[in-house]
Amino acid sequence: MKVVIAEKPSVARDLARVMGAKEVKDGYITGNGYAFTYAFGHLIQLCTPQAYGYATWSVSNLPIIPPEFRLEVKKVKRDGKQIDDAGAKKQLNTIKQLISQAEEIIVATDAGREGELIFRNIYYYLNAKAPFKRLWISSQTDKAIKEGFANLKDGKEYDSLYMSAKSRAESDWLIGINATQALTLAAGNRGLLSLGRVQTPTLAMICSRYVENKNFKPQAFFKIQAGFEKDNIKFKATSNKIDKKEEAEAAIAKLAIGTEAKVVKVEAKETKEQPPLLFDLTSLQQDANKKYGYSADQTLNIAQTLYEKKVITYPRTGSRYIGEDVFEKIEELFQHLADTAGEEIASISRNLIGARLNKRSVDDKKVTDHHALLVTDEKPGPMPKEQQQIYNMIAKRMVESFSDVCLKDITTVTIDAQGVELIAKGTVIKQYGWRLSAEQVDLPDDEKNTDDHDNENAQLPKLSAEELLEILSLELSERFTKAKPIHTEASLLKAMETSGKEIEDDEMRQAMKDCGLGTPATRAATIETLFQRDYIKRDKKKLIPTEKGLAVYRLIKDRSIAKVTLTGKWEQKLEEMRANKVSYDVFMKHIKDYTLKITKELLQLRVTIQQEEIKPQQKGKIKCPKCASGNILLYDKVAQCDHYARGCDFKIWRTLNGMFLEEKEMKNLLEKGRTSMLKGVKNKDGKQVDAVLLFKDFKVIVDGA
């Protein structure tokens, strides 16, 4: 029997159906010589510090560097203790029984770094010995699944991918556990201060941009703009920036309406605007955030659903290219879009069939584990609005990417107005090319730079050097320099992709991707972690640091753990490990040395931190109902025990049944088991009533509900 291990039940069911297995058992499906079983994501995890004998948080324990990392069944917290997840343990036993009967294992977890780690952790934890092969597919269509099973890869081909994943997990554990405990203890246990290998430099990018924006002092500058007309075509020409008001006033004093100005130079230049590259996950997330306001996490989840519906290819890709083999079949996909897509995409697709296609997005050398995002030949059918929007974005980008270049004639006219140099520009589109299908994503107002377009004219008349023009209008305007805008998820993803370097060119950014912050698959989770830690919040599309986030940033901004370039170099090394260019031992020695260094750095912050405002709003005189020895810390949104470092995980929301509890009522609830009579409490039907909240068995209920 061949045992197939998928990453989740829905994928196992799909694979079983395609391969003719129909008998459903508890935790697996059998038939046709196969048993299809599954994980629920990570069934196995790296052991917690408690497993190595570190039950409490203490400076004397740090740094915690296990001589050898061990694995354990996924844990959940219950009553302050870490216990095995019952569902994970049960499914693991099912997998163990199947593996004991297997002649061969087929790895069908997601075809990427994290998917490889999920399988290998199970395999090594169970001490499995059966040989394994890899199912490596880029779409979930029946055709792709059958082809994948017919062309299984030797499992050993992915050893380096596993070592890269293992190193990533262990380095995150070492740096996250030690840095978090060191900073929290250094701050005197006044609140959990979480740090991480990727999360902390990401927080630093958000905070530094926010602080820079808020501290920015606009500088005034001036521009002169003159209006002209020839052959019934009106146009404007603008001066360069003039920094001093006196100079600007002196310059415009030389001019007047009716004054003649001379054309000095006319330059006409044809430019080719190449179509955009195909989407990878990060660029899809950026555009979806700009266009629809979706978070990175929302876009990933929508794309994952479309993948499981078989209508798009593997979404967690970091490549914006396809190989020649995929390009050979691209016309079939255009035919599919011509038959099934909305009218705009369908009509462009029809024009591409049989046409000479632009191959900018075709490069075998630039395809990594998976090629760029494409639609598949599966008919989509009716979809919820969010899924339809993301599907259309991917389809639209496909037809744009293979369309012809946009050809423009850009004319630049230099005019001398009594010694004042004015510039006018005009653009004539000779061939729209891919822009026939381009729907521009509007930037937020604070991301637009209107100064860049002062010289632009919809049309210019035919002009020649030495020609004289009459000034018909004249204006001196005062402008102000603008701060870099506060990060949105779109701009943050772009910065994470390039380790904070400002690179506009698509191809240059692709070249940088191996040393960005995180991977396309993990960036959304990193941003969500910052929300969960209460380090950042959303203000429409903007990412704003909280007081807690800024307090942590102020403490670590000059420390190496906050440096984007350092984390980028680690990502580069992990990619090199995947390519067998760096060994696990060399990389992990560097990480362990760094862990020693950063732990020492953070513990030395003890004196400094005493002056910092890392605080709950107050430390209430409320005994913890769980451990009895701790006191309750009151934050904006939650109340929690101050003995969490000693193993007490008690935490409770401050807004309960629609009612925010001040310290007095929180004390009543947790110490007496009941509040006083409260007005406007929401009952189980969502109606507002006057009622008492009760605290029983660590649950809050409405009295009488």
# chains A, B, ... in the order shown; residues from 1 in each chain; ligands from 1
$ closest_atom_pairs --of "region 331-432 of chain A" --to "region 142-147 of chain A" --cutoff "12 Å" --atoms "only C-alpha atoms" --output "tab-separated table"
residue	atom	partner	partner_atom	distance
A:Thr376	CA	A:Ala144	CA	10.0
A:Asp377	CA	A:Lys143	CA	9.9
A:Glu378	CA	A:Asp142	CA	9.4
$ write_last_selection --atoms "N, CA, C and O atoms" --output "CSV table (one decimal), in the first residue's frame"
chain,number,residue,atom,x,y,z
A,376,THR,N,-6.0,28.6,-14.3
A,376,THR,CA,-5.9,27.2,-14.9
A,376,THR,C,-7.0,27.1,-16.0
A,376,THR,O,-7.8,28.1,-16.2
A,377,ASP,N,-7.1,26.0,-16.6
A,377,ASP,CA,-8.1,25.8,-17.7
A,377,ASP,C,-9.5,25.3,-17.1
A,377,ASP,O,-10.3,24.8,-17.8
A,378,GLU,N,-9.6,25.3,-15.7
A,378,GLU,CA,-10.8,24.9,-15.0
A,378,GLU,C,-11.8,26.1,-15.1
A,378,GLU,O,-11.5,27.2,-14.8
$ closest_atom_pairs --of "region 569-603 of chain A" --to "region 537-555 of chain A" --cutoff "12 Å" --atoms "only C-alpha atoms" --output "Markdown table"
| residue | atom | partner | partner_atom | distance |
| --- | --- | --- | --- | --- |
| A:Glu601 | CA | A:Leu555 | CA | 11.1 |
| A:Leu602 | CA | A:Leu555 | CA | 9.0 |
| A:Leu603 | CA | A:Leu555 | CA | 11.6 |
$ select_by_dssp --residues "region 420-602 of chain A" --states "helix (DSSP H, G or I)" --output "JSON, numbers by chain"
{"A": [433, 434, 435, 436, 437, 445, 446, 447, 450, 451, 452, 453, 489, 490, 491, 492, 493, 494, 495, 496, 497, 506, 507, 508, 509, 510, 511, 512, 513, 514, 515, 520, 521, 522, 523, 524, 525, 526, 527, 528, 529, 530, 531, 532, 547, 548, 549, 550, 551, 552, 553, 554, 555, 556, 560, 561, 562, 564, 565, 566, 567, 568, 569, 570, 571, 572, 573, 574, 575, 576, 577, 578, 584, 585, 586, 587, 588, 589, 590, 591, 592, 593, 594, 595, 596, 597, 598, 599, 600, 601, 602]}
$ closest_atom_pairs --of "region 452-565 of chain A" --to "region 107-118 of chain A" --cutoff "12 Å" --atoms "only C-alpha atoms" --output "CSV"
residue,atom,partner,partner_atom,distance
A:Thr519,CA,A:Arg113,CA,9.9
A:Pro520,CA,A:Gly112,CA,11.1
A:Ala521,CA,A:Glu114,CA,8.7
A:Thr522,CA,A:Glu114,CA,9.4
$ residues_around --residues "Ile330 (chain A)" --least-positions-apart "5" --cutoff "10 Å" --atoms "only C-alpha atoms" --output "VMD selection string"
chain A and resid 322 324 to 325 335 to 336 353 357 374 376 398 402
$ residues_around --residues "region 474-486 of chain A" --least-positions-apart "2" --cutoff "6 Å" --atoms "only C-alpha atoms" --output "ChimeraX atom specification"
/A:209-210,213,216,218-226
$ write_last_selection --atoms "C-alpha atoms" --output "PDB file, in the first residue's frame"
ATOM      1  CA  ARG A 209       8.321  55.591   8.818  1.00  0.00           C
ATOM      2  CA  TYR A 210       5.572  56.724  11.234  1.00  0.00           C
ATOM      3  CA  ASN A 213       6.289  61.258   8.959  1.00  0.00           C
ATOM      4  CA  PHE A 216       8.643  65.922   9.262  1.00  0.00           C
ATOM      5  CA  PRO A 218       7.677  70.819   5.429  1.00  0.00           C
ATOM      6  CA  GLN A 219      10.069  73.112   3.557  1.00  0.00           C
ATOM      7  CA  ALA A 220       8.624  75.762   1.271  1.00  0.00           C
ATOM      8  CA  PHE A 221       9.709  76.056  -2.357  1.00  0.00           C
ATOM      9  CA  PHE A 222       8.366  77.958  -5.344  1.00  0.00           C
ATOM     10  CA  LYS A 223       7.535  77.352  -8.986  1.00  0.00           C
ATOM     11  CA  ILE A 224       6.706  79.675 -11.852  1.00  0.00           C
ATOM     12  CA  GLN A 225       4.173  78.454 -14.398  1.00  0.00           C
ATOM     13  CA  ALA A 226       3.421  80.208 -17.672  1.00  0.00           C
TER      14      ALA A 226
END
$ closest_residue --among "A:Val582, A:Val700, A:Leu492, A:Leu605" --to "Ser160 (chain A)" --atoms "only C-alpha atoms"
A:Val582
$ atom_distance --atom1 "CA of Ala524 (chain A)" --atom2 "CA of Asp297 (chain A)"
4.8 Å
$ residues_around --residues "Lys597 (chain A)" --least-positions-apart "5" --cutoff "12 Å" --atoms "only C-alpha atoms" --output "count of residues only"
16
$ select_by_dssp --residues "region 297-497 of chain A" --states "strand (DSSP E)" --output "count of residues only"
37
$ closest_residue --among "A:Arg397, A:Lys425, A:His371, A:His643" --to "Ile345 (chain A)" --atoms "only C-alpha atoms"
A:Arg397
$ atom_distance --atom1 "CA of Asn668 (chain A)" --atom2 "CA of Cys624 (chain A)"
12.1 Å
$ residues_around --residues "Asp416 (chain A)" --least-positions-apart "3" --cutoff "6 Å" --atoms "only C-alpha atoms" --output "list in words"
Ala261, Lys262, Gly419, Val420 and Glu421 of chain A
$ closest_residue --among "A:Arg533, A:Arg17, A:Lys89, A:Lys96" --to "Leu203 (chain A)" --atoms "only C-alpha atoms"
A:Arg533
$ closest_residue --among "A:Asn151, A:Glu170, A:Asn455, A:Gly188" --to "Asp642 (chain A)" --atoms "only C-alpha atoms"
A:Gly188
$ residues_around --residues "Cys515 (chain A)" --least-positions-apart "3" --cutoff "8 Å" --atoms "only C-alpha atoms" --output "PyMOL selection string"
chain A and resi 497-499+512+567-572
$ write_last_selection --atoms "C-alpha atoms" --output "mmCIF file, in the first residue's frame"
data_model
loop_
_atom_site.group_PDB
_atom_site.id
_atom_site.type_symbol
_atom_site.label_atom_id
_atom_site.label_comp_id
_atom_site.auth_asym_id
_atom_site.auth_seq_id
_atom_site.Cartn_x
_atom_site.Cartn_y
_atom_site.Cartn_z
ATOM 1 C CA GLU A 497 10.427 42.364 -0.419
ATOM 2 C CA THR A 498 13.555 44.491 -0.830
ATOM 3 C CA SER A 499 14.792 44.791 2.777
ATOM 4 C CA MET A 512 16.363 41.251 -4.520
ATOM 5 C CA THR A 567 17.322 39.603 8.584
ATOM 6 C CA GLY A 568 17.537 39.986 4.807
ATOM 7 C CA LYS A 569 20.989 38.373 4.838
ATOM 8 C CA TRP A 570 19.623 35.453 6.848
ATOM 9 C CA GLU A 571 16.855 34.953 4.286
ATOM 10 C CA GLN A 572 19.506 34.961 1.577
#
